[in-house]
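Here is the structure we will look at.
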Amino acid sequence: KAEAGRRAEAEQTARRFREPLGRAAYELQSRIFNIVKGQFLAVYLQGGDGRTRSYAINHTLFVIAQYFAWTELIRREIQFIDLGADKETRQLAQLQHRIYAGWQTDRYVPLLRVFGGEQHAIGERMIWEGPRGPQCMGFAAFFDYLKGSPDSLICALQADVESLGTGLEKALPRLTELQHSLIDLVVFLDPEAVRFPKKNRTKIDFKS
């Protein structure tokens with residue numbers, strides 16, 4: 001009974017967070033693809049006006065922080081669950097760990113490196129208590145947060161995003177690894193491509 005209870009709890013947690021985590025992963029991998037292959041920063045950061053530059057930086061920062069938030073929420077929920085009792089929950093944790101490791105690895109240049117504790121901290125900053133329990137703040141609230149509450153971790157990540165405008169080449173190995181791992185997570189969460197179109201799951205073909 002105890003094992004069955006743990007399994008049911010794990011499955012319920014996975015179902016509850018499947019949609020928001022999948023959307024956060026999908027939006028982040030899509031932005032990375034557009035930065036690397038779609039000239040997103042070249043058009044809106046380097047070639048744009050004040051409005052487009054602000055959007056390019058702040059919304060890119062938001063989709064990164066949003067992913068950290070939903071990852072942190074799931075980490076809190078499943079840390080006391082026996083992952084060995086449920087194959088799907090264990091696989092979810094493994095996929096998340098690959099992305100977690102991709103951010104903090106020192107195999108690449110420091111640009112866009114976010115250590116594990118920093119990922120947790122940024123995620124925590126993004127979480128607030130909504131009417132249905134803890135959730136991630138939206139872009140409007142995040143935009144207000146940036147203006148009213150300077151945060152050293154957020155500011156450091158913001159500076160890295162800004163530097164991609166001229167230093168994208170240096171960040172390509174890390175961005176490529178992250179985008180591939182994020183797509184693997186999206187495929188796991190939405191294998192039939194019901195929520196997130198299959199045509200928008202193309203992996204970057206960069207090779208170092």
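Chain identifiers are assigned as A, B, and so on, following the order in which chains appear in the structure tokens; residues are numbered from 1 within each chain, and ligands are numbered from 1 in order of appearance.
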
DSSP on the backbone, strand (DSSP E or B) only: what residues of region 98-160 of chain A does that give? Format it as a PDB file with N, CA and C atoms, in the first residue's frame.
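selection_1.pdb was written with the following content:
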```pdb
ATOM      1  N   ILE A 127       8.663  32.318  -8.284  1.00  0.00           N
ATOM      2  CA  ILE A 127       7.500  31.601  -7.763  1.00  0.00           C
ATOM      3  C   ILE A 127       6.676  32.508  -6.858  1.00  0.00           C
ATOM      4  N   TRP A 128       5.374  32.461  -7.033  1.00  0.00           N
ATOM      5  CA  TRP A 128       4.474  33.169  -6.132  1.00  0.00           C
ATOM      6  C   TRP A 128       3.244  32.318  -5.884  1.00  0.00           C
ATOM      7  N   GLU A 129       2.540  32.613  -4.825  1.00  0.00           N
ATOM      8  CA  GLU A 129       1.354  31.846  -4.453  1.00  0.00           C
ATOM      9  C   GLU A 129       0.134  32.366  -5.198  1.00  0.00           C
ATOM     10  N   GLY A 130      -0.374  31.560  -6.110  1.00  0.00           N
ATOM     11  CA  GLY A 130      -1.569  31.916  -6.850  1.00  0.00           C
ATOM     12  C   GLY A 130      -2.805  31.299  -6.221  1.00  0.00           C
ATOM     13  N   GLY A 133      -2.427  27.599  -5.846  1.00  0.00           N
ATOM     14  CA  GLY A 133      -1.178  27.127  -5.276  1.00  0.00           C
ATOM     15  C   GLY A 133       0.014  27.820  -5.912  1.00  0.00           C
ATOM     16  N   PRO A 134       1.226  27.376  -5.595  1.00  0.00           N
ATOM     17  CA  PRO A 134       2.434  28.022  -6.133  1.00  0.00           C
ATOM     18  C   PRO A 134       2.530  27.890  -7.646  1.00  0.00           C
ATOM     19  N   GLN A 135       2.955  28.969  -8.291  1.00  0.00           N
ATOM     20  CA  GLN A 135       3.114  28.971  -9.745  1.00  0.00           C
ATOM     21  C   GLN A 135       4.149  30.015 -10.129  1.00  0.00           C
ATOM     22  N   CYS A 136       4.479  30.059 -11.401  1.00  0.00           N
ATOM     23  CA  CYS A 136       5.469  31.008 -11.902  1.00  0.00           C
ATOM     24  C   CYS A 136       4.785  32.322 -12.267  1.00  0.00           C
TER      25      CYS A 136
END
```

Could you make a table, as JSON lines, of the residues of region 90-155 of chain A that have an atom within 12 Å of an atom of region 40-56 of chain A, each with its nearest atom pair and distance in Å to one decimal, counting only C-alpha atoms, in chain and number order?
```
{"residue": "A:Phe139", "atom": "CA", "partner": "A:Tyr55", "partner_atom": "CA", "distance": 10.6}
{"residue": "A:Ala140", "atom": "CA", "partner": "A:Tyr55", "partner_atom": "CA", "distance": 11.6}
{"residue": "A:Phe143", "atom": "CA", "partner": "A:Tyr55", "partner_atom": "CA", "distance": 9.7}
{"residue": "A:Leu146", "atom": "CA", "partner": "A:Ser54", "partner_atom": "CA", "distance": 11.5}
{"residue": "A:Lys147", "atom": "CA", "partner": "A:Ser54", "partner_atom": "CA", "distance": 11.9}
```

Just want the 7 Å neighbourhood of region 195-204 of chain A, counted on only C-alpha atoms, with same-chain residues fewer than 6 positions away dropped. Output as a list in words.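 Contacts, in chain order: Phe33, Thr176, Gln179, His180 and Ile183 of chain A.
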
Compile the contact shell of Pro110 (chain A) as an MDAnalysis selection string: residues with an atom at most 12 Å away, counting only C-alpha atoms, same-chain residues fewer than 6 positions apart removed. chainID A and resid 102:104 156:157 160 163 167 170:174

State, in Å with one decimal place, the distance from CA of Glu169 (chain A) to CA of Leu111 (chain A). 10.4 Å

Every residue of region 45-112 of chain A that DSSP places in alpha helix (DSSP H), as a PyMOL selection string: chain A and resi 50-78+87-104

Skipping near chain neighbours, those fewer than 3 positions away, what residues fall within 8 Å of Met126 (chain A) using only C-alpha atoms, listed as a VMD selection string? chain A and resid 65 to 66 69 122 to 123 136 to 137 142

Grab the residues selected above and save them as an mmCIF file, in the first residue's frame with N, CA, C and O atoms.
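Contents of the output file selection.cif:
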```cif
data_model
loop_
_atom_site.group_PDB
_atom_site.id
_atom_site.type_symbol
_atom_site.label_atom_id
_atom_site.label_comp_id
_atom_site.auth_asym_id
_atom_site.auth_seq_id
_atom_site.Cartn_x
_atom_site.Cartn_y
_atom_site.Cartn_z
ATOM 1 N N ALA A 65 14.256 32.125 -16.974
ATOM 2 C CA ALA A 65 13.861 32.120 -15.563
ATOM 3 C C ALA A 65 12.570 31.331 -15.344
ATOM 4 O O ALA A 65 12.393 30.671 -14.311
ATOM 5 N N GLN A 66 11.653 31.399 -16.308
ATOM 6 C CA GLN A 66 10.399 30.646 -16.218
ATOM 7 C C GLN A 66 10.679 29.145 -16.156
ATOM 8 O O GLN A 66 10.054 28.414 -15.365
ATOM 9 N N ALA A 69 11.869 28.220 -12.793
ATOM 10 C CA ALA A 69 10.790 28.249 -11.803
ATOM 11 C C ALA A 69 10.014 26.938 -11.782
ATOM 12 O O ALA A 69 9.787 26.355 -10.716
ATOM 13 N N ILE A 122 17.106 31.535 -8.816
ATOM 14 C CA ILE A 122 16.329 32.268 -9.821
ATOM 15 C C ILE A 122 14.917 31.696 -9.905
ATOM 16 O O ILE A 122 13.930 32.434 -9.987
ATOM 17 N N GLY A 123 14.824 30.363 -9.851
ATOM 18 C CA GLY A 123 13.509 29.733 -9.849
ATOM 19 C C GLY A 123 12.666 30.185 -8.673
ATOM 20 O O GLY A 123 11.473 30.486 -8.814
ATOM 21 N N CYS A 136 4.479 30.059 -11.401
ATOM 22 C CA CYS A 136 5.469 31.008 -11.902
ATOM 23 C C CYS A 136 4.785 32.322 -12.267
ATOM 24 O O CYS A 136 3.704 32.330 -12.858
ATOM 25 N N MET A 137 5.428 33.432 -11.943
ATOM 26 C CA MET A 137 4.875 34.728 -12.327
ATOM 27 C C MET A 137 4.878 34.868 -13.847
ATOM 28 O O MET A 137 5.678 34.229 -14.540
ATOM 29 N N PHE A 142 7.006 39.817 -14.167
ATOM 30 C CA PHE A 142 8.459 39.723 -14.232
ATOM 31 C C PHE A 142 9.061 41.039 -14.711
ATOM 32 O O PHE A 142 10.084 41.499 -14.185
#
```
